[in-house]
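*Asks:* This is the content of query.cif (mmCIF, C-alpha atoms):
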```cif
data_start
#
loop_
_atom_site.label_atom_id
_atom_site.label_comp_id
_atom_site.auth_asym_id
_atom_site.auth_seq_id
_atom_site.Cartn_x
_atom_site.Cartn_y
_atom_site.Cartn_z
CA MET S 230 -1.68 1.23 19.96
CA ARG S 231 -0.92 4.11 17.63
CA LYS S 232 0.05 7.35 19.29
CA PRO S 233 -2.55 10.07 18.62
CA ALA S 234 -1.43 12.86 16.27
CA PRO S 235 -0.53 16.18 17.94
CA LEU S 236 -3.46 18.56 18.16
CA ALA S 237 -3.71 21.58 15.88
CA PHE S 238 -3.25 25.00 17.46
CA GLY S 239 -6.97 25.78 17.15
CA HIS S 240 -7.94 22.64 19.02
CA VAL S 241 -5.37 23.35 21.73
CA SER S 242 -6.77 26.89 22.13
CA ILE S 243 -10.27 25.53 22.54
CA LEU S 244 -9.16 22.93 25.11
CA HIS S 245 -7.31 25.71 26.92
CA ALA S 246 -10.42 27.91 26.95
CA ILE S 247 -12.52 25.07 28.37
CA ALA S 248 -9.89 24.33 31.01
CA ASP S 249 -9.95 28.04 31.85
CA GLY S 250 -13.67 27.93 32.59
CA SER S 251 -15.43 28.58 29.27
CA ARG S 252 -18.19 26.03 29.07
CA PHE S 253 -20.32 26.78 25.99
CA GLY S 254 -19.83 27.80 22.35
CA PHE S 255 -20.17 31.58 22.55
CA ASP S 256 -18.03 31.73 25.68
CA ILE S 257 -15.29 29.73 23.94
CA MET S 258 -15.53 32.06 20.93
CA ASP S 259 -14.97 35.06 23.22
CA ALA S 260 -12.00 33.36 24.87
CA THR S 261 -10.27 32.18 21.70
CA GLY S 262 -11.30 34.84 19.20
CA PHE S 263 -12.26 32.15 16.68
CA THR S 264 -15.43 32.31 14.61
CA SER S 265 -18.47 30.15 15.31
CA GLY S 266 -17.87 28.25 12.07
CA THR S 267 -14.55 27.14 13.56
CA VAL S 268 -15.42 26.60 17.22
CA TYR S 269 -18.56 24.45 16.91
CA PRO S 270 -17.14 21.92 14.41
CA ALA S 271 -13.92 21.79 16.49
CA LEU S 272 -15.95 21.01 19.62
CA ASP S 273 -17.69 18.17 17.79
CA LYS S 274 -14.35 16.89 16.54
CA LEU S 275 -12.78 17.06 20.03
CA GLU S 276 -15.79 15.25 21.45
CA SER S 277 -15.45 12.48 18.87
CA LEU S 278 -11.75 12.19 19.80
CA GLY S 279 -12.72 11.82 23.47
CA TYR S 280 -10.98 15.01 24.61
CA VAL S 281 -14.17 16.84 25.46
CA THR S 282 -17.49 15.75 26.84
CA SER S 283 -20.77 17.62 26.54
CA LYS S 284 -23.79 17.63 28.78
CA TRP S 285 -27.20 19.22 28.41
CA GLU S 286 -28.35 21.30 31.31
CA ASP S 287 -31.25 19.92 33.35
CA PRO S 288 -34.34 20.98 31.33
CA ARG S 289 -36.47 21.30 34.48
CA ARG S 290 -34.11 23.86 35.92
CA ALA S 291 -34.02 25.79 32.64
CA ARG S 292 -37.81 25.70 32.40
CA ARG S 293 -38.08 27.04 35.91
CA ASP S 294 -35.85 29.95 34.90
CA LYS S 295 -37.90 30.40 31.68
CA ARG S 296 -34.97 29.87 29.31
CA PRO S 297 -33.82 27.12 26.94
CA PRO S 298 -31.34 24.55 28.36
CA ARG S 299 -27.75 24.93 27.20
CA ARG S 300 -25.16 22.41 26.13
CA TYR S 301 -22.08 22.61 28.35
CA PHE S 302 -18.64 21.27 27.48
CA ASP S 303 -16.02 19.91 29.82
CA LEU S 304 -12.55 18.40 29.50
CA THR S 305 -12.05 14.68 29.86
CA ASP S 306 -8.90 13.19 31.42
CA ALA S 307 -7.61 12.43 27.91
CA GLY S 308 -8.31 16.05 26.92
CA ALA S 309 -6.42 17.38 29.93
CA SER S 310 -3.45 15.13 29.11
CA ALA S 311 -3.50 16.20 25.45
CA LEU S 312 -3.64 19.86 26.49
CA ALA S 313 -0.74 19.43 28.93
CA ALA S 314 1.33 17.68 26.23
CA ALA S 315 0.58 20.44 23.70
CA LEU S 316 1.43 23.21 26.15
CA THR S 317 4.74 21.50 26.95
CA ARG S 318 5.44 21.23 23.24
CA TYR S 319 4.81 24.97 22.74
CA LYS S 320 6.86 25.85 25.81
CA ASN S 321 9.80 23.87 24.44
CA LEU S 322 9.90 25.88 21.21
CA LYS S 323 13.30 27.48 20.90
CA PRO S 324 13.19 31.31 20.93
CA VAL S 325 14.14 32.76 17.55
CA SER S 326 15.22 36.20 16.52
CA LEU S 327 12.73 38.01 14.32
CA ALA S 328 15.03 41.01 13.79
CA ALA S 329 15.34 40.28 10.07
CA TRP S 330 11.57 40.68 9.61
CA ARG S 331 9.42 43.68 10.14
CA VAL S 332 7.28 42.66 13.09
CA ARG S 333 4.67 45.15 14.16
CA PRO S 334 4.25 45.43 17.93
CA SER S 335 0.64 44.19 17.75
CA GLU S 336 1.75 41.09 15.88
CA GLY S 337 4.78 40.43 18.00
CA MET D 83 -33.54 37.60 17.91
CA THR D 84 -36.67 36.19 16.23
CA LEU D 85 -35.05 36.58 12.83
CA LEU D 86 -31.88 34.79 13.95
CA LEU D 87 -33.90 31.93 15.41
CA ALA D 88 -35.80 31.73 12.11
CA VAL D 89 -32.44 31.40 10.31
CA ILE D 90 -31.59 28.47 12.59
CA ASP D 91 -35.00 26.87 11.97
CA ALA D 92 -34.56 27.20 8.20
CA GLY D 93 -30.91 26.09 8.27
CA ARG D 94 -31.58 22.89 10.22
CA TRP D 95 -32.18 21.07 6.93
CA LEU D 96 -28.48 21.45 6.19
CA ALA D 97 -27.60 19.33 9.22
CA PRO D 98 -27.72 15.53 8.87
CA PRO D 99 -31.00 14.02 10.18
CA SER D 100 -29.27 12.21 13.06
CA ARG D 101 -27.87 15.49 14.45
CA ARG D 102 -30.54 17.92 13.28
CA ARG D 103 -32.53 18.15 16.52
CA GLU D 104 -29.48 18.58 18.72
CA TRP D 105 -27.93 21.12 16.34
CA ARG D 106 -31.08 23.25 16.35
CA ARG D 107 -31.51 22.99 20.10
CA GLN D 108 -27.90 23.98 20.79
CA TRP D 109 -27.87 26.96 18.44
CA ARG D 110 -31.28 28.25 19.50
CA ALA D 111 -30.24 28.10 23.16
CA ASP D 112 -26.86 29.77 22.58
CA ILE D 113 -28.39 32.57 20.48
CA TRP D 114 -31.18 33.08 23.00
CA HIS D 115 -28.76 33.40 25.92
CA GLU D 116 -26.34 35.61 24.00
CA SER D 117 -29.15 37.89 22.88
CA ARG D 118 -30.45 38.28 26.43
CA TRP D 119 -26.95 38.97 27.69
CA LEU D 120 -26.44 41.64 25.01
CA ASP D 121 -29.77 43.26 25.95
CA ARG D 122 -28.57 43.57 29.54
CA GLU D 123 -24.84 44.19 29.24
CA ALA D 124 -23.95 45.47 25.77
CA PRO D 125 -26.76 47.25 23.96
CA GLY D 126 -25.78 48.72 20.60
CA ILE D 127 -25.40 47.80 16.99
CA GLY D 128 -21.80 46.47 17.16
CA PRO D 129 -22.39 43.48 19.44
CA ARG D 130 -25.62 42.73 17.53
CA ALA D 131 -23.69 42.59 14.27
CA THR D 132 -21.26 40.15 15.90
CA LEU D 133 -24.19 37.98 16.96
CA VAL D 134 -25.52 37.97 13.38
CA ARG D 135 -22.09 36.98 12.09
CA ARG D 136 -21.84 34.22 14.66
CA THR D 137 -25.28 32.94 13.71
CA ALA D 138 -24.11 32.67 10.11
CA GLY D 139 -21.41 30.30 11.38
CA ALA D 140 -24.21 27.93 12.43
CA LEU D 141 -24.80 27.13 8.77
CA ARG D 142 -21.12 26.30 8.34
CA HIS D 143 -21.38 24.06 11.41
CA ALA D 144 -24.41 22.29 9.93
CA PHE D 145 -22.62 21.80 6.64
CA TRP D 146 -19.56 20.46 8.47
CA LEU D 147 -21.76 17.94 10.28
CA ARG D 148 -23.30 16.95 6.97
CA LEU D 149 -19.84 16.21 5.57
CA HIS D 150 -18.36 14.50 8.62
CA VAL D 151 -21.12 12.56 10.35
CA ARG D 152 -20.99 9.02 9.07
CA SER D 153 -23.79 6.90 10.36
CA LEU D 154 -25.93 3.92 9.56
CA GLU D 155 -28.59 6.26 8.30
CA MET D 156 -26.38 7.24 5.33
CA ILE D 157 -25.92 3.59 4.35
CA THR D 158 -29.66 2.93 4.51
CA HIS D 159 -30.30 6.09 2.45
CA ASP D 160 -27.88 4.85 -0.21
CA LEU D 161 -29.50 1.41 -0.27
CA ARG D 162 -33.00 2.89 -0.55
CA TYR D 163 -31.85 5.24 -3.31
CA GLY D 164 -30.28 2.33 -5.20
CA TRP D 165 -33.46 0.26 -4.87
CA ARG D 166 -35.59 3.15 -6.17
CA MET D 167 -33.29 3.63 -9.16
CA MET D 168 -33.45 -0.09 -9.95
CA LEU D 169 -37.24 0.01 -9.93
CA ARG D 170 -37.29 3.13 -12.08
CA LYS D 171 -35.12 1.58 -14.83
CA PRO D 172 -36.09 -2.10 -15.08
CA GLY D 173 -34.31 -2.61 -18.44
CA PHE D 174 -30.99 -1.44 -17.03
CA THR D 175 -31.57 -3.48 -13.86
CA ALA D 176 -32.29 -6.63 -15.90
CA ALA D 177 -29.17 -6.10 -18.04
CA ALA D 178 -27.00 -5.55 -14.93
CA VAL D 179 -28.43 -8.61 -13.14
CA LEU D 180 -28.01 -10.73 -16.28
CA THR D 181 -24.42 -9.59 -16.78
CA LEU D 182 -23.54 -10.27 -13.16
CA GLY D 183 -25.34 -13.64 -13.23
CA LEU D 184 -23.62 -14.79 -16.41
CA GLY D 185 -20.23 -13.57 -15.22
CA ILE D 186 -20.46 -15.26 -11.84
CA GLY D 187 -22.00 -18.43 -13.36
CA ALA D 188 -19.28 -18.73 -16.03
CA ASN D 189 -16.52 -18.29 -13.45
CA VAL D 190 -18.02 -20.84 -11.05
CA THR D 191 -18.45 -23.35 -13.91
CA MET D 192 -14.92 -22.85 -15.18
CA PHE D 193 -13.27 -23.21 -11.79
CA SER D 194 -15.44 -26.21 -10.87
CA TRP D 195 -14.41 -27.88 -14.11
CA VAL D 196 -10.73 -27.18 -13.54
CA ASP D 197 -11.08 -28.42 -9.94
CA ALA D 198 -12.81 -31.67 -11.01
CA MET D 199 -10.81 -32.46 -14.12
CA LEU D 200 -7.32 -31.47 -13.15
CA ARG D 201 -6.66 -31.17 -9.44
CA ARG D 202 -8.72 -34.01 -8.00
CA GLN D 203 -7.62 -36.44 -10.67
CA LEU D 204 -4.04 -35.85 -9.66
CA ASN D 205 -4.66 -36.78 -6.02
CA GLY D 206 -3.05 -40.10 -5.30
CA VAL D 207 -0.84 -39.97 -8.34
CA PRO D 208 2.73 -40.60 -7.21
CA GLY D 209 4.74 -37.43 -7.28
CA PHE D 210 1.78 -35.15 -6.48
CA SER D 211 0.83 -34.25 -2.94
CA SER D 212 -2.77 -34.41 -1.80
CA SER D 213 -2.64 -30.98 -0.30
CA PRO D 214 -4.97 -28.31 -1.74
CA ARG D 215 -1.92 -26.66 -3.20
CA LEU D 216 -0.68 -28.47 -6.30
CA ARG D 217 2.96 -29.42 -5.91
CA CYS D 218 5.34 -31.42 -8.02
CA ARG D 219 8.30 -33.12 -6.36
#
```
Let me see the structure of the file written as C-alpha coordinates.
*Replies:*
Amino acid sequence: MRKPAPLAFGHVSILHAIADGSRFGFDIMDATGFTSGTVYPALDKLESLGYVTSKWEDPRRARRDKRPPRRYFDLTDAGASALAAALTRYKNLKPVSLAAWRVRPSEG
Amino acid sequence: MTLLLAVIDAGRWLAPPSRRREWRRQWRADIWHESRWLDREAPGIGPRATLVRRTAGALRHAFWLRLHVRSLEMITHDLRYGWRMMLRKPGFTAAAVLTLGLGIGANVTMFSWVDAMLRRQLNGVPGFSSSPRLRCR
(Lines of atoms letter the chains of each structure in order from A and count residues from 1; the text may use other names and numbers.)
(Lines give C-alpha, C1' and ligand atoms only; values in the text may rest on other atoms or scores of the structure.)
Protein backbone atom coordinates (compact mmCIF):
# COMPACT_ATOMS: atom_id res chain seq x y z
CA MET A 1 0.00 0.00 0.00
CA ARG A 2 1.24 3.46 -0.87
CA LYS A 3 2.27 5.62 2.04
CA PRO A 4 0.00 8.67 2.36
CA ALA A 5 1.60 12.01 1.45
CA PRO A 6 2.56 14.24 4.41
CA LEU A 7 -0.18 16.67 5.38
CA ALA A 8 0.09 20.35 4.53
CA PHE A 9 0.63 22.77 7.41
CA GLY A 10 -2.95 24.05 7.18
CA HIS A 11 -4.38 20.56 7.52
CA VAL A 12 -2.09 19.81 10.46
CA SER A 13 -3.23 23.03 12.18
CA ILE A 14 -6.86 22.05 11.74
CA LEU A 15 -6.26 18.53 13.08
CA HIS A 16 -4.42 20.10 16.01
CA ALA A 17 -7.33 22.46 16.72
CA ILE A 18 -9.79 19.56 16.68
CA ALA A 19 -7.55 17.51 18.97
CA ASP A 20 -7.41 20.55 21.25
CA GLY A 21 -11.19 20.60 21.61
CA SER A 22 -12.50 22.73 18.74
CA ARG A 23 -15.41 20.83 17.30
CA PHE A 24 -17.10 23.00 14.67
CA GLY A 25 -16.12 25.33 11.81
CA PHE A 26 -16.18 28.73 13.53
CA ASP A 27 -14.41 27.35 16.59
CA ILE A 28 -11.66 25.90 14.38
CA MET A 29 -11.36 29.25 12.58
CA ASP A 30 -10.83 30.99 15.94
CA ALA A 31 -8.21 28.43 16.96
CA THR A 32 -6.23 28.43 13.72
CA GLY A 33 -6.75 31.97 12.46
CA PHE A 34 -7.63 30.66 9.00
CA THR A 35 -10.52 32.01 6.95
CA SER A 36 -13.78 30.13 6.49
CA GLY A 37 -12.97 29.64 2.81
CA THR A 38 -9.94 27.63 3.94
CA VAL A 39 -11.26 25.78 6.97
CA TYR A 40 -14.51 24.33 5.59
CA PRO A 41 -13.02 22.87 2.38
CA ALA A 42 -10.08 21.53 4.44
CA LEU A 43 -12.51 19.80 6.81
CA ASP A 44 -14.26 18.16 3.86
CA LYS A 45 -10.90 17.11 2.44
CA LEU A 46 -9.74 15.67 5.79
CA GLU A 47 -13.02 13.82 6.12
CA SER A 48 -12.61 12.31 2.65
CA LEU A 49 -9.08 11.22 3.65
CA GLY A 50 -10.49 9.52 6.76
CA TYR A 51 -8.64 11.76 9.24
CA VAL A 52 -11.75 13.46 10.53
CA THR A 53 -15.29 12.31 11.10
CA SER A 54 -18.34 14.52 11.36
CA LYS A 55 -21.59 14.00 13.18
CA TRP A 56 -24.80 15.99 13.26
CA GLU A 57 -26.11 16.85 16.67
CA ASP A 58 -29.31 15.13 17.74
CA PRO A 59 -32.06 17.27 16.13
CA ARG A 60 -34.51 16.55 18.96
CA ARG A 61 -32.13 18.01 21.50
CA ALA A 62 -31.51 21.07 19.32
CA ARG A 63 -35.25 21.55 18.79
CA ARG A 64 -35.81 21.38 22.51
CA ASP A 65 -33.24 24.16 22.95
CA LYS A 66 -34.87 26.11 20.07
CA ARG A 67 -31.75 26.23 17.90
CA PRO A 68 -30.55 24.54 14.70
CA PRO A 69 -28.47 21.35 15.11
CA ARG A 70 -24.74 21.72 14.47
CA ARG A 71 -22.26 19.57 12.65
CA TYR A 72 -19.45 18.48 14.96
CA PHE A 73 -16.06 17.20 13.87
CA ASP A 74 -13.84 14.71 15.63
CA LEU A 75 -10.49 13.06 14.97
CA THR A 76 -10.32 9.47 13.79
CA ASP A 77 -7.51 7.12 14.82
CA ALA A 78 -5.89 7.68 11.41
CA GLY A 79 -6.18 11.45 11.95
CA ALA A 80 -4.54 11.22 15.37
CA SER A 81 -1.69 9.15 13.91
CA ALA A 82 -1.23 11.60 11.02
CA LEU A 83 -1.20 14.52 13.47
CA ALA A 84 1.36 12.80 15.71
CA ALA A 85 3.57 12.05 12.69
CA ALA A 86 3.34 15.66 11.47
CA LEU A 87 4.13 17.09 14.90
CA THR A 88 7.18 14.82 15.16
CA ARG A 89 8.27 15.98 11.72
CA TYR A 90 8.00 19.65 12.77
CA LYS A 91 9.76 18.98 16.07
CA ASN A 92 12.67 17.38 14.21
CA LEU A 93 13.29 20.49 12.12
CA LYS A 94 16.82 21.65 12.74
CA PRO A 95 17.02 25.13 14.33
CA VAL A 96 18.47 27.69 11.92
CA SER A 97 19.92 31.11 12.49
CA LEU A 98 17.85 33.93 11.06
CA ALA A 99 20.44 36.59 11.97
CA ALA A 100 21.10 37.39 8.31
CA TRP A 101 17.46 38.39 7.79
CA ARG A 102 15.50 41.16 9.36
CA VAL A 103 12.97 39.30 11.46
CA ARG A 104 10.46 41.45 13.27
CA PRO A 105 9.64 40.23 16.78
CA SER A 106 5.98 39.61 15.85
CA GLU A 107 7.05 37.41 12.95
CA GLY A 108 9.75 35.60 14.83
CA MET B 1 -28.41 37.66 10.83
CA THR B 2 -31.42 37.43 8.51
CA LEU B 3 -29.40 38.95 5.69
CA LEU B 4 -26.53 36.50 6.20
CA LEU B 5 -28.93 33.55 6.20
CA ALA B 6 -30.45 34.93 2.99
CA VAL B 7 -26.94 34.95 1.46
CA ILE B 8 -26.60 31.27 2.38
CA ASP B 9 -30.03 30.48 0.91
CA ALA B 10 -29.13 32.24 -2.34
CA GLY B 11 -25.62 30.77 -2.47
CA ARG B 12 -26.77 27.17 -2.07
CA TRP B 13 -27.13 26.90 -5.85
CA LEU B 14 -23.35 27.10 -6.10
CA ALA B 15 -22.99 23.85 -4.15
CA PRO B 16 -23.38 20.56 -6.05
CA PRO B 17 -26.89 19.06 -5.71
CA SER B 18 -25.66 16.05 -3.72
CA ARG B 19 -24.16 18.30 -1.00
CA ARG B 20 -26.48 21.30 -1.26
CA ARG B 21 -28.80 20.44 1.63
CA GLU B 22 -26.01 19.58 4.03
CA TRP B 23 -23.99 22.65 3.03
CA ARG B 24 -26.94 24.97 3.68
CA ARG B 25 -27.81 23.27 6.96
CA GLN B 26 -24.24 23.46 8.25
CA TRP B 27 -23.71 27.10 7.34
CA ARG B 28 -27.10 28.26 8.59
CA ALA B 29 -26.50 26.52 11.93
CA ASP B 30 -22.95 27.87 12.33
CA ILE B 31 -24.01 31.44 11.47
CA TRP B 32 -27.02 31.23 13.76
CA HIS B 33 -24.92 30.05 16.72
CA GLU B 34 -22.13 32.54 16.07
CA SER B 35 -24.60 35.40 15.78
CA ARG B 36 -26.27 34.48 19.07
CA TRP B 37 -22.89 34.18 20.76
CA LEU B 38 -21.87 37.62 19.46
CA ASP B 39 -25.14 39.11 20.74
CA ARG B 40 -24.33 37.80 24.21
CA GLU B 41 -20.56 38.04 24.46
CA ALA B 42 -19.18 40.49 21.91
CA PRO B 43 -21.61 43.18 20.79
CA GLY B 44 -20.14 45.74 18.41
CA ILE B 45 -19.42 46.31 14.78
CA GLY B 46 -15.98 44.60 14.64
CA PRO B 47 -17.07 41.04 15.44
CA ARG B 48 -20.11 41.51 13.17
CA ALA B 49 -17.83 42.47 10.28
CA THR B 50 -15.81 39.31 10.94
CA LEU B 51 -19.01 37.26 10.79
CA VAL B 52 -19.92 38.86 7.44
CA ARG B 53 -16.45 38.07 6.11
CA ARG B 54 -16.72 34.49 7.33
CA THR B 55 -20.12 34.13 5.69
CA ALA B 56 -18.57 35.19 2.39
CA GLY B 57 -16.24 32.20 2.77
CA ALA B 58 -19.31 29.96 2.54
CA LEU B 59 -19.55 30.78 -1.15
CA ARG B 60 -15.92 29.76 -1.62
CA HIS B 61 -16.70 26.52 0.22
CA ALA B 62 -19.68 25.87 -2.06
CA PHE B 63 -17.57 26.53 -5.13
CA TRP B 64 -14.86 24.22 -3.80
CA LEU B 65 -17.44 21.47 -3.35
CA ARG B 66 -18.67 22.08 -6.88
CA LEU B 67 -15.14 21.56 -8.20
CA HIS B 68 -14.16 18.60 -6.03
CA VAL B 69 -17.24 16.47 -5.46
CA ARG B 70 -17.26 13.76 -8.06
CA SER B 71 -20.35 11.66 -7.97
CA LEU B 72 -22.61 9.53 -10.08
CA GLU B 73 -24.91 12.48 -10.45
CA MET B 74 -22.31 14.30 -12.58
CA ILE B 75 -22.03 11.33 -14.94
CA THR B 76 -25.81 11.11 -15.33
CA HIS B 77 -25.95 14.88 -15.96
CA ASP B 78 -23.35 14.53 -18.70
CA LEU B 79 -25.23 11.63 -20.29
CA ARG B 80 -28.54 13.50 -20.19
CA TYR B 81 -26.90 16.60 -21.65
CA GLY B 82 -25.36 14.54 -24.45
CA TRP B 83 -28.71 12.90 -25.23
CA ARG B 84 -30.44 16.31 -25.38
CA MET B 85 -27.78 17.67 -27.73
CA MET B 86 -28.15 14.63 -29.99
CA LEU B 87 -31.89 15.16 -30.20
CA ARG B 88 -31.45 18.88 -30.87
CA LYS B 89 -29.11 18.31 -33.86
CA PRO B 90 -30.34 15.19 -35.66
CA GLY B 91 -28.23 15.86 -38.80
CA PHE B 92 -25.01 15.96 -36.80
CA THR B 93 -26.11 12.90 -34.80
CA ALA B 94 -26.84 10.95 -38.00
CA ALA B 95 -23.47 11.91 -39.51
CA ALA B 96 -21.63 10.91 -36.30
CA VAL B 97 -23.49 7.58 -36.04
CA LEU B 98 -22.89 6.86 -39.73
CA THR B 99 -19.18 7.67 -39.46
CA LEU B 100 -18.78 5.49 -36.38
CA GLY B 101 -20.82 2.67 -37.97
CA LEU B 102 -18.85 2.71 -41.21
CA GLY B 103 -15.53 2.92 -39.38
CA ILE B 104 -16.28 0.06 -37.02
CA GLY B 105 -17.88 -2.02 -39.82
CA ALA B 106 -14.92 -1.54 -42.17
CA ASN B 107 -12.44 -2.51 -39.45
CA VAL B 108 -14.40 -5.61 -38.43
CA THR B 109 -14.71 -6.69 -42.09
CA MET B 110 -11.03 -6.15 -42.78
CA PHE B 111 -9.80 -8.03 -39.73
CA SER B 112 -12.30 -10.86 -40.29
CA TRP B 113 -11.04 -11.20 -43.85
CA VAL B 114 -7.41 -11.24 -42.78
CA ASP B 115 -8.26 -13.77 -40.05
CA ALA B 116 -10.12 -16.08 -42.48
CA MET B 117 -7.84 -15.78 -45.49
CA LEU B 118 -4.42 -15.70 -43.95
CA ARG B 119 -4.16 -17.00 -40.40
CA ARG B 120 -6.60 -19.91 -40.41
CA GLN B 121 -5.40 -21.17 -43.76
CA LEU B 122 -1.92 -21.47 -42.35
CA ASN B 123 -3.02 -23.70 -39.47
CA GLY B 124 -1.78 -27.20 -40.06
CA VAL B 125 0.77 -26.12 -42.61
CA PRO B 126 4.13 -27.58 -41.58
CA GLY B 127 6.38 -24.91 -40.20
CA PHE B 128 3.54 -22.81 -38.74
CA SER B 129 2.26 -23.31 -35.23
CA SER B 130 -1.45 -23.47 -34.51
CA SER B 131 -1.21 -20.98 -31.73
CA PRO B 132 -3.15 -17.70 -32.11
CA ARG B 133 0.18 -15.98 -32.54
CA LEU B 134 1.61 -16.52 -36.01
CA ARG B 135 5.09 -17.98 -35.79
CA CYS B 136 7.54 -19.23 -38.36
CA ARG B 137 10.14 -21.79 -37.34
*Asks:* Do you know which residues the PyMOL selection byres ((chain D) within 6 of (chain S)) returns on this file, as a ChimeraX atom specification?
*Replies:* /D:111,136,139,142-143
*Asks:* Hey, can I get the axis-aligned box for region 140-152 of chain D? All listed atoms, 4 Å padding on each side, centre and edge lengths in Å to one decimal, as JSON.
*Replies:*
```
{"center_x": -21.6, "center_y": 18.5, "center_z": 9.0, "size_x": 14.4, "size_y": 26.9, "size_z": 14.9}
```
*Asks:* For the structure shown, which residues end up in the PyMOL selection byres ((chain S and resi 244-252) around 9)? Put them as number ranges by chain, please?
*Replies:* S: 239-243, 253-261, 272, 275, 280-281, 300-304, 308-309, 311-312
*Asks:* Take CA of Ala131 (chain D) and CA of Ala97 (chain D) and report the distance between them in Å, one decimal.
*Replies:*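 If I compute the distance from CA of Ala131 (chain D) to CA of Ala97 (chain D), I get 24.1 Å.
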*Asks:* Rounded to one decimal, what separation in Å do you get between CA of Arg101 (chain D) and CA of His159 (chain D)?
*Replies:*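 Spanning CA of Arg101 (chain D) to CA of His159 (chain D) is a straight-line distance of 15.4 Å.
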*Asks:* Using CA of Arg94 (chain D) and CA of Ala138 (chain D) as the two end points, give the distance in Å to one decimal.
*Replies:*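 According to the coordinates, CA of Arg94 (chain D) and CA of Ala138 (chain D) are separated by 12.3 Å.
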*Asks:* Run through the PyMOL selection byres ((chain D and resi 137) around 9) on the given coordinates and return the selected residues as JSON, numbers by chain.
*Replies:* {"S": [265, 266], "D": [86, 87, 89, 90, 109, 113, 132, 133, 134, 135, 136, 138, 139, 140, 141]}
*Asks:* Given only C-alpha atoms as the basis, pick out the residue of D:Ala144, D:Leu85, D:Ile127, D:Leu120 nearest to Arg102 (chain D).
*Replies:*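 Checking each of D:Ala144, D:Leu85, D:Ile127, D:Leu120 against Arg102 (chain D), counting only C-alpha atoms, the winner is D:Ala144.
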*Asks:* Considering only C-alpha atoms, state which residue in the set D:Leu147, D:Met83, D:Trp95, D:Leu204 is at the smallest distance from Trp119 (chain D).
*Replies:*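 Smallest separation from Trp119 (chain D) among the options: D:Met83.
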